[in-house]
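Asks: One structure coming up, written as structure tokens, with questions to follow.
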Amino acid sequence: MADLPSTARVVIIGGGAVGVSSLYHLAKADWTDCVLLEKNELTSGSTWHAAGNVPTFSSSWSLMNMQRYSAELYRGLAKAVDYPMNYHVTGSIRLAHGRERMREFQRARGMGRYQGMAIDVIGPGEIRAKYPFIETHDLAGALYDPNDGDIDPAQLTHALAKGARDLGARIVRFCPVTSVSRDKDEWIVSTPQGDIRCEYVVNAAGYRAGEVGKMFGREIPMTVMSHQYILFEEIPELKAWSQEAGRKLPLLRDVDTSYYLRQEKYGMNLGPYERDCRAHWATPHDPMPEDFSFQLFPDDLERLEWYLNDATRRVPILGTAGLSKIINGPIPYTPDGNPLIGPMPGVPNAFEACVFTFGIAQAGGAGKVLAEWVTEDRTEWDMWSCDPRRFTSFAAAADYAFAKGLEAYGHEYAIQFPRHVWPAARNRKLSPIHDRVAALGAQFGAYNGWERALWYARPGDDTSEAATQTYDRDGPWQSRVREECLAVRDAAGILDLPGFSRFRLKGPGARDWLSTLITGAVPKPGRIGLGYFADDSGRIVTEMSIMAIEEDFFFLITAAVAEWHDFEWLRKHFPQDSEMTLEIVTEKFACQILTGPNARKILAQITDADLTLPWLSHQPCQIAGEWLQLVRVSFAGELGWELHTHAGSTAKVFDAVWEVGQKHGLKPFGMFALDSLRLEKGYRAWKQDLSTDYTILQGGLERFVRWDKPDFMGKAALLVEKQQGVAKRFVTLVLDEPGDCDAPYMSTIWHDGRIAGETLSGGFGYRVDKAIALGMVRSDLAAPGTRVDIEIFGERVPATVQPDRTLWDPENERLKS
């Protein structure tokens with residue numbers, strides 16, 4: 001047991017694979033004055049009972065990057081740190097029972113090929129050639145990943161530990177953290193062996209991350225699930241085949257049935273993710289033990305019986321083997337199943353690398369990402385999918401985390417369909433007019449917990465969850481979305497938009513400070529404009545609408561899901577000892593978008609506001625005796641206003657607008673229609689078209705850059721990029737044929753048989769009657785008229801780069817009328 005140092009630059013709490021990988025990557029970045037504290041022995045939590053599978057597959061671009069990095073790291077780790085490891089790169093086969101799963105696999109193949117991986121989609125005959133014991137009569141095909149495999153979790157962790165120690169980092173075992181406290185700009189981490197003062201702390205405590213989070217005053221959104229896998233005795237046929245072939249069988253996953261089956265020596269390992277799943281330590285009657293190191297839950301084989309029977313039908317030799325052992329251990333889950341990697345919300349110089357469902361597969365990449373966050377305050381890949389700030393406080397409620405944890409576990413292998421909404425733990429945050437919107441037929445989706453109408457159904461429409469489980473554009477919603485878009489085009493539409501993240505900035509110097517953070521100009525009082533925030537490398541951090549009330553009084557408005565992310569960006573750069581104030585006021589206000597050629601006629605009958613004020617202006621006024629801020633903007637790209645009301649007065653304002661609007665063709669519209677409308681205008685979506693994967697210039701946002709400003713964050717990097725030339729450029733693409741599906745995020749763009757870029761958004765524009773994609777291409781291909789192909793679920797669809805102007809109303813005549 002090592003002696004406890006009194007100081008360190010970084011202290012990591014937790015000695016599983018992820019914590020040790022974080023230590024290793026910090027040391028590789030020359031941050032060697034780092035200490036890892038483990039309350040028991042290394043690997044004593046989820047790591048020790050993990051199955052050790054190392055897939056690269058993911059439907060998430062960022063998670064695929066992270067898992068690909070892990071697999072690449074592990075292949076060379078034993079040699080790099082001089083530590084023996086059992087790492088079997090066997091390849092894997094993911095089975096598809098139908099068309100939609102095959103589409104998912106085709107998309108994954110495209111993403112994997114872009115990242116340099118040899119993932120392939122194969123037919124039933126090829127499955128049998130790679131896996132001779134399988135029944136394939138009812139299969140549509142499979143995804144084959146030659147880089148998949150399995151690793152010994154303990155050996156991996158100790159190899160990373162050796163590498164970290166060799167570089168100068170320290171590990172102290174049997175040293176639980178009892179508390180943390182803040183002393184000026186340092187953390188004091190207390191243990192039974194003494195205190196450590198440090199600059200940074202990392203919570204890598206796995207399924208115990210919640211109790212460590214409480215030491216920082218942080219409620220972590222997580223629940224601990226019981227995950228079982230079954231080990232089988234030796235199978236003679238498998239042994240004979242394996243010895244003759246000189247290799248193991250590929251790891252088999254029947255993702256539609258929801259289990260994996262892996263060769264384990266000459267036996268097998270079956271690991272289901274069952275619908276009838278169990279959570280532990282989720283109620284006061286079932287508290288987490290003070291110590292659960294190297295322990296397991298009691299067997300619960302009955303839950304696995306259906307999956308066991310299915311697996312023996314799929315691979316009949318499994319049915320000849322006896323059961324050897326059942327492993328039932330704790331695995332933590334966030335509400336969406338992705339881990340937490342990044343800054344701890346609201347806590348300075350504290351980070352999280354915890355709540356990993358696939359900690360072994362992701363440990364290598366997670367260590368890289370965490371080390372980048374700590375040492376560089378940014379990551380190579382945009383990692384919003386894992387950012388702890390994607391959840392706000394409502395998600396930490398025990399009943400919410402519990403319900404979503406069960407849902408995520410029970411649907412671990414589920415396809416993420418573009419129009420599907422997960423049903424568990426809904427109605428957490430409701431608009432002041434939720435009942436009115438629901439009565440009009442709204443079908444809802446949650447945005448950071450806020451329920452928003454996605455589309456409006458009519459009697460007889462199929463509103464079942466099953467109807468949304470498709471990649472097809474032509475679902476029950478399509479005709480309704482078209483009607484909503486055309487109502488906005490021809491008459492007027494109203495969209496209830498609760499949950500806009502809203503910050504109030506006020507005080508001397510507010511304008512000047514804001515100017516240093518955004519690339520463009522700060523609007524004058526009475527005006528509103530978009531502000532783009534760049535990091536020091538010129539990459540896109542976020543976009544906010546800046547509403548100037550007075551010279552040094554602003555409302556900053558951003559996406560619902562961006563609330564904690566964007567507020568922390570502002571707080572991080574907030575000047576010390578400032579007289580300014582900055583606060584979150586999201587829940588005090590509500591917003592509706594009233595837009596379309598009849599919008600002015602509707603407002604003229606219910607308010608005395610000056611409706612001739614130009615685009616990008618705003619004014620206070622009254623409707624139905626209630627105050628609101630009337631803002632002349634429209635994300636739909638038509639004449640329109642945003643109606644910003646106090647939450648308590650929203651219903652009266654909406655009722656007045658709705659009553660008068662009926663004479664002018666007013667219809668409700670939802671988020672699906674808004675997405676179509678904004679695509680036709682080339683408006684960017686947060687963390688889809690706008691992310692740190694791209695710079696401001698690559699994002700086509702130079703018109704929002706004021707080069708004559710004395711200085712702003714990212715200016716130096718952007719000037720260098722402008723002088724050297726931009727490598728990629730944002731473009732709008734129109735597809736030759738609409739096809740059945742929209743282009744998913746990160747669909748590969750091809751030119752002359754070579755990868756040329758990637759899509760960011762895809763959809764159908766009902767005003768222009770065209771299929772549209774927004775994307776990034778090599779700069780030399782950004783010229784209007786350039787012909788490219790977009791790979792959509794394995795099919796290359798011809799498309800044309802459009803001029804740098806909007807498809808709908810390119811001169812903004814309707815918008816400014």
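Just so we're on the same page: first chain in the structure tokens is A, next is B, and so on; residues restart at 1 for each chain, and ligands are numbered from 1 in the order they show up.
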For A:Glu234, please output as JSON, numbers by chain all residues within 12 Å (counting only C-alpha atoms; exclusion window: fewer than 3 positions along the same chain).
Replies: {"A": [231, 237, 238, 239, 240, 242, 263, 264, 265, 266, 267, 268, 269, 317, 318, 319, 320, 321, 322, 323, 324]}
Asks: Please produce a file of those selected residues containing C-alpha atoms, as a CSV table (one decimal), in the first residue's frame.
Replies:
chain,number,residue,atom,x,y,z
A,231,LEU,CA,-21.1,-19.4,-18.1
A,237,GLU,CA,-18.1,-29.9,-30.8
A,238,LEU,CA,-16.9,-26.4,-30.1
A,239,LYS,CA,-13.6,-27.6,-28.7
A,240,ALA,CA,-13.0,-29.7,-31.8
A,242,SER,CA,-11.9,-24.3,-32.3
A,263,GLN,CA,-17.0,-18.4,-26.7
A,264,GLU,CA,-15.3,-18.7,-23.3
A,265,LYS,CA,-12.4,-21.2,-23.6
A,266,TYR,CA,-14.3,-24.2,-25.0
A,267,GLY,CA,-17.6,-23.3,-23.3
A,268,MET,CA,-19.9,-20.3,-23.8
A,269,ASN,CA,-21.0,-17.1,-22.1
A,317,ILE,CA,-24.9,-26.9,-29.4
A,318,LEU,CA,-25.5,-24.5,-26.5
A,319,GLY,CA,-28.4,-26.7,-25.4
A,320,THR,CA,-26.0,-29.6,-24.9
A,321,ALA,CA,-23.9,-27.8,-22.3
A,322,GLY,CA,-24.3,-27.7,-18.6
A,323,LEU,CA,-24.4,-24.4,-16.7
A,324,SER,CA,-21.2,-23.7,-14.9
Asks: Could you pull the residues within 6 Å of A:Gly449, counting only C-alpha atoms, minus those fewer than 3 positions along the same chain, as a list in words?
Replies: Arg428, Lys429 and Ala446 of chain A
Asks: Given the selection you just returned, output its residues as a file containing N, CA, C and O atoms, formatted as an mmCIF file, in the first residue's frame.
Replies:
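Final file, part.cif:
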data_model
loop_
_atom_site.group_PDB
_atom_site.id
_atom_site.type_symbol
_atom_site.label_atom_id
_atom_site.label_comp_id
_atom_site.auth_asym_id
_atom_site.auth_seq_id
_atom_site.Cartn_x
_atom_site.Cartn_y
_atom_site.Cartn_z
ATOM 1 N N ARG A 428 -42.444 15.578 -17.013
ATOM 2 C CA ARG A 428 -41.692 16.159 -15.892
ATOM 3 C C ARG A 428 -41.786 17.687 -15.878
ATOM 4 O O ARG A 428 -41.802 18.298 -14.809
ATOM 5 N N LYS A 429 -41.819 18.285 -17.052
ATOM 6 C CA LYS A 429 -41.923 19.742 -17.150
ATOM 7 C C LYS A 429 -42.980 20.049 -18.209
ATOM 8 O O LYS A 429 -42.834 19.628 -19.358
ATOM 9 N N ALA A 446 -39.938 14.915 -25.293
ATOM 10 C CA ALA A 446 -39.315 15.640 -24.189
ATOM 11 C C ALA A 446 -37.998 16.259 -24.623
ATOM 12 O O ALA A 446 -37.161 15.594 -25.243
#
Asks: Just checking: using only C-alpha atoms, which residue out of A:Glu579, A:Asp291, A:Asp472, A:Asp120 ends up closest to A:Tyr144?
Replies: A:Asp120
Asks: DSSP on the backbone: which residues in stretch 423-574 of chain A end up as strand (DSSP E)? Give the answer as JSON, numbers by chain.
Replies: {"A": [442, 443, 444, 445, 446, 447, 450, 451, 452, 453, 454, 455, 456, 492, 493, 494, 495, 496, 501, 502, 503, 504, 505, 506, 528, 529, 530, 531, 532, 533, 534, 540, 541, 542, 543, 544, 545, 546, 547, 548, 549, 550, 553, 554, 555, 556, 557, 558]}
Asks: With only C-alpha atoms as the counted atoms, please give the residues lying no more than 8 Å from A:Asp804, apart from itself and same-chain residues fewer than 2 positions off, as a ChimeraX atom specification.
Replies: /A:731-732,784,802,806
Asks: Which residue is closest to A:Gly364? Choose from A:Gly76, A:Pro744, A:Pro146, A:Pro335 and count only C-alpha atoms.
Replies: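 Nearest candidate to A:Gly364 out of A:Gly76, A:Pro744, A:Pro146, A:Pro335: A:Gly76.
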Asks: Using 12 Å as the limit and counting only C-alpha atoms, can you tabulate each residue of stretch 515-628 of chain A that touches stretch 698-721 of chain A, with its shortest atom-to-atom distance in Å and the two atoms involved, as a tab-separated table?
Replies:
residue	atom	partner	partner_atom	distance
A:Ser515	CA	A:Phe712	CA	6.9
A:Thr516	CA	A:Phe712	CA	4.3
A:Leu517	CA	A:Met713	CA	5.5
A:Ile518	CA	A:Phe712	CA	6.5
A:Thr519	CA	A:Val705	CA	4.8
A:Gly520	CA	A:Val705	CA	4.5
A:Ala521	CA	A:Arg706	CA	6.6
A:Val522	CA	A:Arg706	CA	10.2
A:Pro523	CA	A:Phe704	CA	11.9
A:Gly529	CA	A:Phe704	CA	9.7
A:Leu530	CA	A:Phe704	CA	7.9
A:Gly531	CA	A:Phe704	CA	7.5
A:Tyr532	CA	A:Phe704	CA	7.2
A:Phe533	CA	A:Met713	CA	7.7
A:Ala534	CA	A:Gly714	CA	5.5
A:Asp535	CA	A:Gly714	CA	5.4
A:Asp536	CA	A:Gly714	CA	4.2
A:Ser537	CA	A:Ala717	CA	5.3
A:Gly538	CA	A:Gly714	CA	4.3
A:Arg539	CA	A:Gly714	CA	7.6
A:Ile540	CA	A:Gly699	CA	8.0
A:Val541	CA	A:Gly714	CA	10.4
A:Thr542	CA	A:Gly699	CA	11.8
A:Glu543	CA	A:Leu701	CA	10.8
A:His573	CA	A:Met713	CA	10.4
Asks: Tell me, as a list in words, which residues lie within 10 Å of A:Thr47, counting only C-alpha atoms; anything in the same chain fewer than 3 positions away does not count.
Replies: Gly15, Gly16, Ala17, Val18, Leu42, Thr43, Ser44, Ala50, Ala51, Gly52, Asp152, Pro153, Ala154, Leu156, Thr157, Gly206, Phe294, Gly329, Pro330, Ile331, Phe358, Gly359 and Ile360 of chain A
Asks: Got a sec: who's within 12 Å of A:Val437, counting only C-alpha atoms, leaving out chain neighbours fewer than 2 positions off, as a PyMOL selection string?
Replies: chain A and resi 430-435+439-444+451-457+494-498+592+651+654-655+658+667-670
Asks: If you run DSSP over the backbone, which residues in stretch 365-425 of chain A end up helix (DSSP H, G or I)? Put them as JSON, numbers by chain.
Replies: {"A": [365, 366, 367, 368, 369, 370, 371, 372, 373, 374, 375, 376, 384, 385, 386, 388, 389, 390, 393, 394, 395, 396, 398, 399, 400, 401, 402, 403, 404, 405, 406, 407, 408, 409, 410]}
Asks: Excluding A:Leu603 and any residue of its chain fewer than 5 positions from it, enumerate the residues within 10 Å of it, using only C-alpha atoms, and give them as a list in words.
Replies: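 Returned residues: Leu594, Asn598, Asp608, Ala609, Asp610, Leu611, Ile623, Trp641, Ala656, Val657, Val660 and Gly661 of chain A.
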Asks: Grab the residues selected above and save them as a PDB file, in the first residue's frame with N, CA and C atoms.
Replies:
ATOM      1  N   LEU A 594     -45.517  32.581 -33.388  1.00  0.00           N
ATOM      2  CA  LEU A 594     -46.652  32.878 -34.264  1.00  0.00           C
ATOM      3  C   LEU A 594     -46.075  33.319 -35.595  1.00  0.00           C
ATOM      4  N   ASN A 598     -50.299  35.624 -42.345  1.00  0.00           N
ATOM      5  CA  ASN A 598     -51.413  36.257 -41.634  1.00  0.00           C
ATOM      6  C   ASN A 598     -51.082  36.608 -40.190  1.00  0.00           C
ATOM      7  N   ASP A 608     -51.859  46.690 -29.403  1.00  0.00           N
ATOM      8  CA  ASP A 608     -51.545  47.985 -30.026  1.00  0.00           C
ATOM      9  C   ASP A 608     -50.040  48.131 -30.269  1.00  0.00           C
ATOM     10  N   ALA A 609     -49.324  47.018 -30.248  1.00  0.00           N
ATOM     11  CA  ALA A 609     -47.883  47.068 -30.522  1.00  0.00           C
ATOM     12  C   ALA A 609     -47.632  47.576 -31.935  1.00  0.00           C
ATOM     13  N   ASP A 610     -46.469  48.146 -32.152  1.00  0.00           N
ATOM     14  CA  ASP A 610     -46.073  48.638 -33.472  1.00  0.00           C
ATOM     15  C   ASP A 610     -45.630  47.448 -34.315  1.00  0.00           C
ATOM     16  N   LEU A 611     -46.496  46.981 -35.172  1.00  0.00           N
ATOM     17  CA  LEU A 611     -46.217  45.788 -35.962  1.00  0.00           C
ATOM     18  C   LEU A 611     -45.448  46.100 -37.234  1.00  0.00           C
ATOM     19  N   ILE A 623     -51.286  41.798 -24.481  1.00  0.00           N
ATOM     20  CA  ILE A 623     -52.356  41.044 -25.126  1.00  0.00           C
ATOM     21  C   ILE A 623     -53.244  40.513 -24.011  1.00  0.00           C
ATOM     22  N   TRP A 641     -43.452  36.361 -35.276  1.00  0.00           N
ATOM     23  CA  TRP A 641     -42.987  36.893 -34.008  1.00  0.00           C
ATOM     24  C   TRP A 641     -42.871  35.759 -32.990  1.00  0.00           C
ATOM     25  N   ALA A 656     -56.182  34.314 -26.459  1.00  0.00           N
ATOM     26  CA  ALA A 656     -56.545  35.477 -27.279  1.00  0.00           C
ATOM     27  C   ALA A 656     -56.041  35.317 -28.707  1.00  0.00           C
ATOM     28  N   VAL A 657     -54.819  34.864 -28.857  1.00  0.00           N
ATOM     29  CA  VAL A 657     -54.252  34.640 -30.190  1.00  0.00           C
ATOM     30  C   VAL A 657     -55.035  33.561 -30.927  1.00  0.00           C
ATOM     31  N   VAL A 660     -58.721  34.736 -32.148  1.00  0.00           N
ATOM     32  CA  VAL A 660     -58.689  35.623 -33.312  1.00  0.00           C
ATOM     33  C   VAL A 660     -58.103  34.892 -34.518  1.00  0.00           C
ATOM     34  N   GLY A 661     -57.122  34.034 -34.265  1.00  0.00           N
ATOM     35  CA  GLY A 661     -56.435  33.359 -35.352  1.00  0.00           C
ATOM     36  C   GLY A 661     -57.305  32.444 -36.173  1.00  0.00           C
TER      37      GLY A 661
END
Asks: Given the choices A:Ser385, A:Thr558, A:Thr191, A:Gln155, which gets closest to A:Trp48 if the distance is worked out from only C-alpha atoms?
Replies: A:Gln155
